[in-house]
>>> print(open('structure29.cif').read())   # mmCIF, C-alpha atoms and all ligand atoms
data_model
#
loop_
_atom_site.label_atom_id
_atom_site.label_comp_id
_atom_site.auth_asym_id
_atom_site.auth_seq_id
_atom_site.Cartn_x
_atom_site.Cartn_y
_atom_site.Cartn_z
CA MET A 24 -17.11 -64.78 2.96
CA LYS A 25 -15.94 -62.40 5.62
CA VAL A 26 -12.32 -62.94 4.58
CA SER A 27 -13.08 -62.23 0.92
CA LYS A 28 -14.94 -59.01 1.84
CA LEU A 29 -11.93 -57.95 3.84
CA LEU A 30 -9.66 -58.69 0.89
CA VAL A 31 -11.87 -56.65 -1.44
CA ALA A 32 -11.82 -53.73 1.02
CA LEU A 33 -8.05 -53.97 1.38
CA PHE A 34 -7.61 -54.10 -2.38
CA ALA A 35 -9.87 -51.05 -2.88
CA GLY A 36 -7.95 -49.20 -0.17
CA ALA A 37 -4.64 -49.97 -1.82
CA LEU A 38 -6.01 -48.78 -5.15
CA SER A 39 -7.16 -45.45 -3.74
CA LEU A 40 -3.87 -45.00 -1.91
CA GLY A 41 -2.09 -45.60 -5.19
CA ALA A 42 -4.30 -43.03 -6.86
CA TYR A 43 -3.62 -40.62 -4.03
CA ALA A 44 0.12 -41.12 -4.35
CA GLN A 45 -0.15 -40.23 -8.02
CA GLN A 46 -1.98 -36.96 -7.44
CA PRO A 47 0.29 -34.20 -8.70
CA ILE A 48 1.42 -31.40 -6.44
CA VAL A 49 -0.54 -28.36 -7.60
CA ILE A 50 1.05 -24.92 -7.79
CA LYS A 51 -1.46 -22.14 -8.37
CA PHE A 52 0.30 -19.30 -10.18
CA SER A 53 -1.83 -16.17 -10.26
CA HIS A 54 -1.08 -13.03 -12.27
CA VAL A 55 -2.85 -9.94 -13.53
CA VAL A 56 -1.72 -9.53 -17.15
CA ALA A 57 -2.81 -11.17 -20.41
CA ASN A 58 -1.42 -14.53 -21.56
CA ASP A 59 0.33 -12.95 -24.53
CA THR A 60 2.62 -10.68 -22.52
CA PRO A 61 6.20 -11.33 -21.37
CA LYS A 62 4.97 -12.42 -17.92
CA GLY A 63 2.01 -14.41 -19.24
CA LYS A 64 4.17 -16.32 -21.72
CA ALA A 65 6.91 -16.96 -19.17
CA ALA A 66 4.38 -18.27 -16.62
CA ASP A 67 3.00 -20.71 -19.21
CA TYR A 68 6.54 -21.72 -20.17
CA PHE A 69 7.38 -22.38 -16.52
CA ALA A 70 4.24 -24.54 -16.17
CA GLN A 71 5.32 -26.59 -19.19
CA LYS A 72 8.93 -27.00 -17.99
CA ALA A 73 7.77 -27.89 -14.46
CA ALA A 74 5.56 -30.69 -15.83
CA GLU A 75 8.40 -31.95 -18.06
CA LEU A 76 11.20 -31.86 -15.50
CA THR A 77 9.16 -33.34 -12.63
CA LYS A 78 7.68 -35.92 -15.02
CA GLY A 79 4.18 -34.85 -14.10
CA LYS A 80 4.68 -34.79 -10.35
CA VAL A 81 3.94 -31.07 -10.35
CA LYS A 82 1.05 -29.36 -12.09
CA VAL A 83 1.32 -25.58 -12.37
CA GLU A 84 -2.09 -23.97 -12.88
CA VAL A 85 -1.69 -20.48 -14.32
CA TYR A 86 -4.50 -17.99 -13.69
CA ALA A 87 -3.96 -14.96 -15.94
CA ASN A 88 -5.65 -11.57 -16.23
CA SER A 89 -6.67 -11.21 -12.55
CA THR A 90 -9.11 -14.14 -12.95
CA LEU A 91 -8.24 -15.42 -9.49
CA TYR A 92 -7.01 -12.34 -7.61
CA LYS A 93 -6.34 -8.67 -8.23
CA ASP A 94 -3.00 -7.02 -7.33
CA LYS A 95 -3.43 -6.45 -3.61
CA GLU A 96 -5.44 -9.61 -2.96
CA GLU A 97 -2.91 -11.86 -4.68
CA MET A 98 -0.13 -10.83 -2.30
CA GLU A 99 -2.37 -11.68 0.68
CA ALA A 100 -3.43 -14.94 -0.94
CA LEU A 101 0.21 -15.97 -1.33
CA GLN A 102 1.00 -15.27 2.30
CA LEU A 103 -2.09 -17.23 3.39
CA GLY A 104 -1.16 -20.12 1.10
CA ALA A 105 -4.29 -19.83 -1.09
CA VAL A 106 -1.93 -19.56 -4.09
CA GLN A 107 1.66 -20.75 -4.17
CA MET A 108 3.33 -18.60 -6.82
CA LEU A 109 3.06 -15.03 -8.13
CA ALA A 110 5.13 -12.61 -10.18
CA PRO A 111 4.03 -9.15 -9.00
CA SER A 112 5.63 -6.10 -10.47
CA LEU A 113 8.49 -4.73 -8.36
CA ALA A 114 6.33 -1.67 -7.65
CA LYS A 115 3.96 -3.78 -5.59
CA PHE A 116 6.31 -4.77 -2.77
CA GLY A 117 6.19 -1.45 -0.92
CA PRO A 118 2.81 -2.14 0.72
CA LEU A 119 4.30 -5.40 2.00
CA GLY A 120 6.80 -3.29 3.93
CA VAL A 121 9.78 -4.03 1.69
CA ARG A 122 10.39 -0.48 0.55
CA GLU A 123 13.81 -1.17 -0.95
CA PHE A 124 12.08 -2.70 -3.98
CA GLU A 125 10.83 0.76 -4.92
CA VAL A 126 14.37 1.57 -6.05
CA PHE A 127 13.27 0.00 -9.36
CA ASP A 128 10.51 2.64 -9.66
CA LEU A 129 12.89 5.60 -9.59
CA PRO A 130 12.50 7.43 -12.90
CA PHE A 131 15.31 7.12 -15.45
CA MET A 132 17.23 4.82 -13.10
CA PHE A 133 18.10 2.29 -15.83
CA ASN A 134 19.31 3.19 -19.27
CA GLY A 135 18.12 -0.02 -20.92
CA TYR A 136 18.00 -3.73 -20.07
CA ASP A 137 21.79 -4.11 -19.73
CA ASP A 138 21.85 -1.64 -16.84
CA LEU A 139 18.93 -3.35 -15.23
CA HIS A 140 20.50 -6.81 -15.44
CA LYS A 141 23.60 -5.52 -13.64
CA VAL A 142 21.27 -5.14 -10.67
CA THR A 143 18.85 -8.06 -11.01
CA THR A 144 21.52 -10.68 -11.74
CA GLY A 145 24.07 -9.29 -9.27
CA PRO A 146 24.47 -9.04 -5.49
CA VAL A 147 21.91 -6.21 -5.12
CA GLY A 148 19.20 -8.36 -6.68
CA LYS A 149 20.07 -11.25 -4.39
CA GLN A 150 19.99 -9.03 -1.29
CA LEU A 151 16.61 -7.64 -2.29
CA LEU A 152 15.04 -11.08 -2.72
CA ALA A 153 16.44 -12.12 0.68
CA LYS A 154 14.47 -9.27 2.28
CA LEU A 155 11.25 -11.15 1.49
CA GLU A 156 12.05 -14.14 3.73
CA PRO A 157 10.77 -12.62 7.01
CA LYS A 158 7.43 -12.04 5.22
CA GLY A 159 7.06 -15.78 4.60
CA ILE A 160 8.01 -15.32 0.94
CA ARG A 161 10.86 -16.82 -1.08
CA GLY A 162 12.04 -14.80 -4.07
CA LEU A 163 13.07 -17.08 -6.94
CA ALA A 164 13.88 -14.82 -9.87
CA PHE A 165 13.50 -11.50 -11.64
CA TRP A 166 11.57 -11.46 -14.90
CA ASP A 167 11.77 -8.53 -17.30
CA ASN A 168 8.94 -6.63 -18.83
CA GLY A 169 10.00 -3.23 -20.13
CA PHE A 170 10.22 0.52 -19.97
CA LYS A 171 7.15 2.62 -19.31
CA SER A 172 5.74 5.38 -21.46
CA PHE A 173 3.09 7.97 -20.66
CA SER A 174 -0.27 7.99 -22.45
CA ALA A 175 -3.23 10.39 -22.33
CA ASN A 176 -5.91 11.85 -24.58
CA THR A 177 -3.95 15.02 -25.25
CA PRO A 178 -0.42 15.31 -26.71
CA ILE A 179 2.51 14.88 -24.30
CA MET A 180 5.50 16.80 -25.62
CA ALA A 181 6.79 18.13 -22.32
CA PRO A 182 6.32 17.46 -18.59
CA ALA A 183 3.97 20.49 -18.39
CA ASP A 184 1.52 18.70 -20.70
CA LEU A 185 0.70 16.31 -17.86
CA LYS A 186 0.05 19.06 -15.33
CA GLY A 187 -3.25 18.59 -13.50
CA LYS A 188 -3.95 15.24 -15.18
CA LYS A 189 -5.17 12.28 -13.16
CA LEU A 190 -2.73 9.49 -13.90
CA ARG A 191 -3.16 5.87 -12.87
CA ILE A 192 -0.16 4.31 -11.16
CA GLN A 193 0.70 1.08 -9.35
CA SER A 194 0.78 1.03 -5.55
CA SER A 195 4.21 2.63 -5.06
CA LYS A 196 5.05 5.75 -3.06
CA VAL A 197 7.92 6.43 -5.45
CA LEU A 198 5.53 6.44 -8.39
CA GLU A 199 3.22 8.76 -6.44
CA GLU A 200 6.12 11.18 -5.98
CA GLN A 201 7.04 10.85 -9.64
CA ILE A 202 3.54 11.92 -10.69
CA ARG A 203 3.57 14.82 -8.23
CA ALA A 204 6.88 15.96 -9.69
CA LEU A 205 4.92 16.51 -12.91
CA SER A 206 2.26 18.51 -11.01
CA ALA A 207 -0.16 15.74 -11.94
CA LEU A 208 -2.48 13.73 -9.66
CA PRO A 209 -1.52 10.14 -8.87
CA GLN A 210 -4.36 7.61 -8.70
CA VAL A 211 -3.43 4.18 -7.34
CA MET A 212 -5.61 1.53 -8.94
CA ALA A 213 -5.59 -2.22 -9.55
CA PHE A 214 -4.36 -3.15 -13.02
CA SER A 215 -7.64 -4.91 -13.85
CA GLU A 216 -9.55 -1.63 -13.45
CA VAL A 217 -7.40 0.62 -15.61
CA TYR A 218 -9.05 0.13 -19.00
CA GLN A 219 -12.47 1.06 -17.69
CA ALA A 220 -11.11 3.99 -15.69
CA LEU A 221 -9.51 5.37 -18.86
CA GLN A 222 -12.61 4.72 -20.91
CA THR A 223 -14.96 6.46 -18.50
CA GLY A 224 -12.57 9.32 -17.74
CA VAL A 225 -12.07 8.39 -14.08
CA VAL A 226 -8.39 8.91 -14.93
CA ASP A 227 -6.92 10.88 -17.84
CA GLY A 228 -3.84 8.84 -18.52
CA THR A 229 -1.32 6.33 -17.28
CA GLU A 230 2.15 4.82 -17.72
CA ASN A 231 2.89 1.34 -19.04
CA PRO A 232 5.36 -0.82 -20.87
CA ILE A 233 3.76 -1.09 -24.31
CA SER A 234 3.04 -4.83 -23.96
CA ASN A 235 0.67 -4.06 -21.07
CA LEU A 236 -0.90 -1.07 -22.81
CA TYR A 237 -1.60 -3.05 -25.97
CA THR A 238 -2.81 -6.34 -24.46
CA GLN A 239 -5.29 -4.49 -22.20
CA LYS A 240 -6.44 -2.49 -25.26
CA MET A 241 -5.68 0.77 -23.44
CA HIS A 242 -4.52 2.27 -26.74
CA GLU A 243 -8.15 2.17 -27.85
CA VAL A 244 -8.99 4.70 -25.13
CA GLN A 245 -5.77 6.76 -25.21
CA LYS A 246 -5.26 9.07 -28.18
CA HIS A 247 -1.63 9.93 -27.41
CA LEU A 248 1.40 7.92 -26.41
CA THR A 249 4.85 9.42 -25.89
CA LEU A 250 7.75 6.99 -25.79
CA THR A 251 9.32 8.47 -22.67
CA ASP A 252 10.80 5.14 -21.45
CA HIS A 253 11.04 6.98 -18.14
CA GLY A 254 10.87 4.04 -15.77
CA TYR A 255 11.18 0.31 -15.55
CA LEU A 256 8.45 -2.27 -14.90
CA GLY A 257 9.48 -5.86 -14.21
CA TYR A 258 8.73 -8.68 -11.82
CA ALA A 259 9.94 -10.79 -8.93
CA VAL A 260 8.76 -14.38 -9.08
CA ILE A 261 7.83 -15.35 -5.54
CA VAL A 262 6.52 -18.41 -3.71
CA ASN A 263 5.01 -19.15 -0.33
CA LYS A 264 8.13 -20.07 1.63
CA LYS A 265 6.49 -22.72 3.81
CA PHE A 266 5.06 -24.47 0.77
CA TRP A 267 8.39 -24.31 -1.09
CA ASP A 268 10.46 -25.56 1.84
CA GLY A 269 7.98 -28.41 2.37
CA LEU A 270 8.43 -29.80 -1.17
CA PRO A 271 10.42 -33.03 -1.59
CA ALA A 272 14.06 -32.00 -2.21
CA ASP A 273 14.26 -33.63 -5.66
CA VAL A 274 11.06 -31.93 -6.82
CA ARG A 275 12.25 -28.55 -5.55
CA GLN A 276 15.49 -28.99 -7.45
CA GLN A 277 13.60 -29.79 -10.66
CA LEU A 278 11.41 -26.74 -10.15
CA ASP A 279 14.49 -24.59 -9.57
CA GLU A 280 15.79 -25.77 -12.94
CA ALA A 281 12.40 -25.06 -14.57
CA MET A 282 12.61 -21.54 -13.11
CA VAL A 283 16.14 -21.01 -14.48
CA GLN A 284 14.88 -21.97 -17.94
CA ALA A 285 11.71 -19.87 -17.66
CA THR A 286 13.74 -16.86 -16.51
CA ARG A 287 16.08 -17.16 -19.47
CA TYR A 288 13.04 -17.36 -21.75
CA ALA A 289 11.25 -14.42 -20.05
CA ASN A 290 14.24 -12.16 -20.38
CA GLN A 291 14.81 -13.17 -24.00
CA ILE A 292 11.29 -12.35 -25.14
CA ALA A 293 10.55 -9.19 -23.10
CA LYS A 294 12.03 -6.65 -25.52
CA VAL A 295 10.68 -8.38 -28.60
CA GLU A 296 7.18 -8.56 -27.09
CA ASN A 297 7.25 -4.84 -26.29
CA ASP A 298 8.57 -3.94 -29.75
CA THR A 299 5.85 -6.03 -31.38
CA ALA A 300 3.18 -4.45 -29.16
CA LEU A 301 4.38 -0.99 -30.23
CA GLU A 302 4.14 -2.01 -33.86
CA ASN A 303 0.60 -3.24 -33.22
CA VAL A 304 -0.42 0.01 -31.52
CA ARG A 305 1.00 1.88 -34.52
CA LYS A 306 -0.89 -0.33 -36.96
CA SER A 307 -4.15 0.12 -35.06
CA GLY A 308 -4.11 3.79 -36.03
CA LYS A 309 -5.95 4.65 -32.81
CA THR A 310 -3.10 6.31 -30.96
CA ALA A 311 -0.66 8.98 -32.12
CA ILE A 312 2.84 7.89 -31.09
CA HIS A 313 5.45 10.52 -30.33
CA THR A 314 9.16 9.75 -29.95
CA PRO A 315 10.70 12.54 -27.87
CA THR A 316 13.70 14.41 -29.22
CA ALA A 317 16.88 14.37 -27.12
CA ALA A 318 15.98 17.83 -25.80
CA GLU A 319 12.45 16.76 -24.86
CA ARG A 320 13.81 13.70 -23.09
CA THR A 321 16.18 15.88 -21.10
CA GLU A 322 13.19 17.98 -19.98
CA PHE A 323 11.50 14.85 -18.61
CA LYS A 324 14.73 13.85 -16.88
CA LYS A 325 15.11 17.29 -15.30
CA ALA A 326 11.57 17.10 -13.96
CA LEU A 327 11.76 13.53 -12.69
CA VAL A 328 15.28 12.69 -11.52
CA PRO A 329 14.95 14.91 -8.39
CA VAL A 330 12.54 12.19 -7.18
CA HIS A 331 15.62 10.04 -6.42
CA LYS A 332 16.78 12.43 -3.71
CA LYS A 333 13.27 12.93 -2.34
CA MET A 334 12.73 9.22 -1.92
CA GLU A 335 16.10 8.56 -0.33
CA SER A 336 14.77 8.29 3.21
CA ARG A 337 11.98 5.94 2.14
CA ILE A 338 13.98 3.52 -0.03
CA GLY A 339 17.24 3.86 1.90
CA LYS A 340 20.37 5.60 0.62
CA PRO A 341 22.50 2.40 0.72
CA THR A 342 20.10 0.67 -1.71
CA ILE A 343 20.00 3.63 -4.08
CA ASP A 344 23.78 4.00 -3.96
CA ALA A 345 24.26 0.28 -4.58
CA VAL A 346 22.17 0.56 -7.75
CA TYR A 347 24.04 3.70 -8.87
CA GLN A 348 27.27 1.83 -8.34
CA ALA A 349 26.13 -1.23 -10.28
CA THR A 350 24.89 0.78 -13.27
CA GLY A 351 27.20 3.79 -13.18
CA PHE A 352 24.19 6.16 -13.13
CA ASN A 353 25.01 9.66 -11.96
CA PRO A 354 21.93 11.72 -10.99
CA ASN A 355 23.94 14.93 -11.28
CA LYS A 356 24.79 14.33 -14.94
CA LEU A 357 21.64 14.22 -17.06
C1 LIG B 401 0.47 -2.75 -13.38
O1 LIG B 401 -0.29 -2.83 -12.41
O2 LIG B 401 0.45 -1.80 -14.17
C2 LIG B 401 1.44 -3.87 -13.64
O3 LIG B 401 2.05 -4.20 -12.44
C3 LIG B 401 0.77 -5.06 -14.22
C4 LIG B 401 1.78 -6.16 -14.43
O4 LIG B 401 1.75 -7.11 -13.67
O5 LIG B 401 2.57 -6.03 -15.36
#
>>> encode(input="structure29.cif", output="structure tokens")
Amino acid sequence: MKVSKLLVALFAGALSLGAYAQQPIVIKFSHVVANDTPKGKAADYFAQKAAELTKGKVKVEVYANSTLYKDKEEMEALQLGAVQMLAPSLAKFGPLGVREFEVFDLPFMFNGYDDLHKVTTGPVGKQLLAKLEPKGIRGLAFWDNGFKSFSANTPIMAPADLKGKKLRIQSSKVLEEQIRALSALPQVMAFSEVYQALQTGVVDGTENPISNLYTQKMHEVQKHLTLTDHGYLGYAVIVNKKFWDGLPADVRQQLDEAMVQATRYANQIAKVENDTALENVRKSGKTAIHTPTAAERTEFKKALVPVHKKMESRIGKPTIDAVYQATGFNPNKL
């Protein structure tokens, strides 16, 4: 009797051990935008590829739209290990102490995606990601979103039209300086709070790639949008380094491959998603869309490019010069 009880207990133990061994490794991937954005879609794609390539050994749980954490909290949560993966916008690395990332926020720094990729897929991009290691963070990839445009409730034909306006920005000192260069008032605010702040008049306007503007319905509370394309907004996909290094080597390799595929996908869809979002804003009829003339664009450049020089001591001249060199941008030739 005693022996059979022991056998039953042993058998049950083996069963639960087996069940335990089959528990997937969970990666919580938190982000602040909607599912149907370039980042949202790429995160879901990564989750799918990770499940496929690891044959179910890894389960990526994606939490979109700030459902788990807002901007600032998610960075802390990653460092504490409460989530394992994020893709914050490049503008959100300054508060972490990695100011070089703010080079991406410099206005008119990139004349389109091709310029940008010369940086993100080249040695400068690699060096930037390596700067995250001492913070306990591993940088895996850059994912595109798009180029930002200004919106407000009054027409924006020239930089002077934004004078005195309260404009929401992400938590970047470079973006603060950019707004000041327009004689406007920068208001740092979490992404999840922007719609309401626009609706209630806490801020007058903001800047966004159109995919973010549209999927947060900001166009419903912004009467005017000018396609200034004055700055870039994209992402670094990051993981908690201790968690990543602790993964079984074969699993990590499969996840690396899933990330390569998700990055290719993200960067293929980003422009299309933004173009479609613009079409949708147009169709909504709620926002007047202005495409600046070449002369108007030059006025914005003249007002904003001096920010590069002003932010030199913060970002570091070598980083700015490295980007100029990669893209061929000359701040003295507008
Ligand atoms: C913002 O705060 O405006 C963006 O960083 C949101 C995002 O993740 O695209």
>>> atom_distance(input="structure29.cif", atom1="atom CA of Pro329 of chain A", atom2="atom CA of Asn297 of chain A")
27.7 Å
>>> residues_near_ligand(input="structure29.cif", ligand="ligand LIG 401 (chain B)", cutoff="10 Å", atoms="all atoms listed in the file", output="PDB file with C-alpha atoms, keeping the file's coordinate frame")
ATOM      1  CA  HIS A  54      -1.080 -13.030 -12.270  1.00  0.00           C
ATOM      2  CA  VAL A  55      -2.850  -9.940 -13.530  1.00  0.00           C
ATOM      3  CA  VAL A  56      -1.720  -9.530 -17.150  1.00  0.00           C
ATOM      4  CA  ALA A  57      -2.810 -11.170 -20.410  1.00  0.00           C
ATOM      5  CA  THR A  60       2.620 -10.680 -22.520  1.00  0.00           C
ATOM      6  CA  PRO A  61       6.200 -11.330 -21.370  1.00  0.00           C
ATOM      7  CA  LYS A  62       4.970 -12.420 -17.920  1.00  0.00           C
ATOM      8  CA  GLY A  63       2.010 -14.410 -19.240  1.00  0.00           C
ATOM      9  CA  ALA A  87      -3.960 -14.960 -15.940  1.00  0.00           C
ATOM     10  CA  ASN A  88      -5.650 -11.570 -16.230  1.00  0.00           C
ATOM     11  CA  SER A  89      -6.670 -11.210 -12.550  1.00  0.00           C
ATOM     12  CA  LYS A  93      -6.340  -8.670  -8.230  1.00  0.00           C
ATOM     13  CA  ASP A  94      -3.000  -7.020  -7.330  1.00  0.00           C
ATOM     14  CA  LEU A 109       3.060 -15.030  -8.130  1.00  0.00           C
ATOM     15  CA  ALA A 110       5.130 -12.610 -10.180  1.00  0.00           C
ATOM     16  CA  PRO A 111       4.030  -9.150  -9.000  1.00  0.00           C
ATOM     17  CA  SER A 112       5.630  -6.100 -10.470  1.00  0.00           C
ATOM     18  CA  LEU A 113       8.490  -4.730  -8.360  1.00  0.00           C
ATOM     19  CA  ALA A 114       6.330  -1.670  -7.650  1.00  0.00           C
ATOM     20  CA  LYS A 115       3.960  -3.780  -5.590  1.00  0.00           C
ATOM     21  CA  ASP A 167      11.770  -8.530 -17.300  1.00  0.00           C
ATOM     22  CA  ASN A 168       8.940  -6.630 -18.830  1.00  0.00           C
ATOM     23  CA  GLY A 169      10.000  -3.230 -20.130  1.00  0.00           C
ATOM     24  CA  LYS A 171       7.150   2.620 -19.310  1.00  0.00           C
ATOM     25  CA  ARG A 191      -3.160   5.870 -12.870  1.00  0.00           C
ATOM     26  CA  ILE A 192      -0.160   4.310 -11.160  1.00  0.00           C
ATOM     27  CA  GLN A 193       0.700   1.080  -9.350  1.00  0.00           C
ATOM     28  CA  SER A 194       0.780   1.030  -5.550  1.00  0.00           C
ATOM     29  CA  VAL A 211      -3.430   4.180  -7.340  1.00  0.00           C
ATOM     30  CA  MET A 212      -5.610   1.530  -8.940  1.00  0.00           C
ATOM     31  CA  ALA A 213      -5.590  -2.220  -9.550  1.00  0.00           C
ATOM     32  CA  PHE A 214      -4.360  -3.150 -13.020  1.00  0.00           C
ATOM     33  CA  SER A 215      -7.640  -4.910 -13.850  1.00  0.00           C
ATOM     34  CA  GLU A 216      -9.550  -1.630 -13.450  1.00  0.00           C
ATOM     35  CA  VAL A 217      -7.400   0.620 -15.610  1.00  0.00           C
ATOM     36  CA  THR A 229      -1.320   6.330 -17.280  1.00  0.00           C
ATOM     37  CA  GLU A 230       2.150   4.820 -17.720  1.00  0.00           C
ATOM     38  CA  ASN A 231       2.890   1.340 -19.040  1.00  0.00           C
ATOM     39  CA  PRO A 232       5.360  -0.820 -20.870  1.00  0.00           C
ATOM     40  CA  SER A 234       3.040  -4.830 -23.960  1.00  0.00           C
ATOM     41  CA  ASN A 235       0.670  -4.060 -21.070  1.00  0.00           C
ATOM     42  CA  LEU A 236      -0.900  -1.070 -22.810  1.00  0.00           C
ATOM     43  CA  LEU A 256       8.450  -2.270 -14.900  1.00  0.00           C
ATOM     44  CA  GLY A 257       9.480  -5.860 -14.210  1.00  0.00           C
ATOM     45  CA  TYR A 258       8.730  -8.680 -11.820  1.00  0.00           C
TER      46      TYR A 258
END
>>> residues_around(input="structure29.cif", residues="Thr249 of chain A", least_positions_apart="6", cutoff="12 Å", atoms="all atoms listed in the file", output="ChimeraX atom specification")
/A:170-182,184-185,228-233,242,301,310-316,319-320,323
>>> write_last_selection(input="structure29.cif", atoms="C-alpha atoms", output="mmCIF file, in the frame of the given file")
data_model
loop_
_atom_site.group_PDB
_atom_site.id
_atom_site.type_symbol
_atom_site.label_atom_id
_atom_site.label_comp_id
_atom_site.auth_asym_id
_atom_site.auth_seq_id
_atom_site.Cartn_x
_atom_site.Cartn_y
_atom_site.Cartn_z
ATOM 1 C CA PHE A 170 10.220 0.520 -19.970
ATOM 2 C CA LYS A 171 7.150 2.620 -19.310
ATOM 3 C CA SER A 172 5.740 5.380 -21.460
ATOM 4 C CA PHE A 173 3.090 7.970 -20.660
ATOM 5 C CA SER A 174 -0.270 7.990 -22.450
ATOM 6 C CA ALA A 175 -3.230 10.390 -22.330
ATOM 7 C CA ASN A 176 -5.910 11.850 -24.580
ATOM 8 C CA THR A 177 -3.950 15.020 -25.250
ATOM 9 C CA PRO A 178 -0.420 15.310 -26.710
ATOM 10 C CA ILE A 179 2.510 14.880 -24.300
ATOM 11 C CA MET A 180 5.500 16.800 -25.620
ATOM 12 C CA ALA A 181 6.790 18.130 -22.320
ATOM 13 C CA PRO A 182 6.320 17.460 -18.590
ATOM 14 C CA ASP A 184 1.520 18.700 -20.700
ATOM 15 C CA LEU A 185 0.700 16.310 -17.860
ATOM 16 C CA GLY A 228 -3.840 8.840 -18.520
ATOM 17 C CA THR A 229 -1.320 6.330 -17.280
ATOM 18 C CA GLU A 230 2.150 4.820 -17.720
ATOM 19 C CA ASN A 231 2.890 1.340 -19.040
ATOM 20 C CA PRO A 232 5.360 -0.820 -20.870
ATOM 21 C CA ILE A 233 3.760 -1.090 -24.310
ATOM 22 C CA HIS A 242 -4.520 2.270 -26.740
ATOM 23 C CA LEU A 301 4.380 -0.990 -30.230
ATOM 24 C CA THR A 310 -3.100 6.310 -30.960
ATOM 25 C CA ALA A 311 -0.660 8.980 -32.120
ATOM 26 C CA ILE A 312 2.840 7.890 -31.090
ATOM 27 C CA HIS A 313 5.450 10.520 -30.330
ATOM 28 C CA THR A 314 9.160 9.750 -29.950
ATOM 29 C CA PRO A 315 10.700 12.540 -27.870
ATOM 30 C CA THR A 316 13.700 14.410 -29.220
ATOM 31 C CA GLU A 319 12.450 16.760 -24.860
ATOM 32 C CA ARG A 320 13.810 13.700 -23.090
ATOM 33 C CA PHE A 323 11.500 14.850 -18.610
#
>>> atom_distance(input="structure29.cif", atom1="atom CA of Val304 of chain A", atom2="atom CA of Gly135 of chain A")
21.4 Å
>>> atom_distance(input="structure29.cif", atom1="atom CA of Gln150 of chain A", atom2="atom CA of Gln348 of chain A")
14.9 Å
>>> closest_residue(input="structure29.cif", among="A:Val225, A:Ile338, A:Val85, A:Leu151", to="Tyr68 of chain A", atoms="all atoms listed in the file")
A:Val85
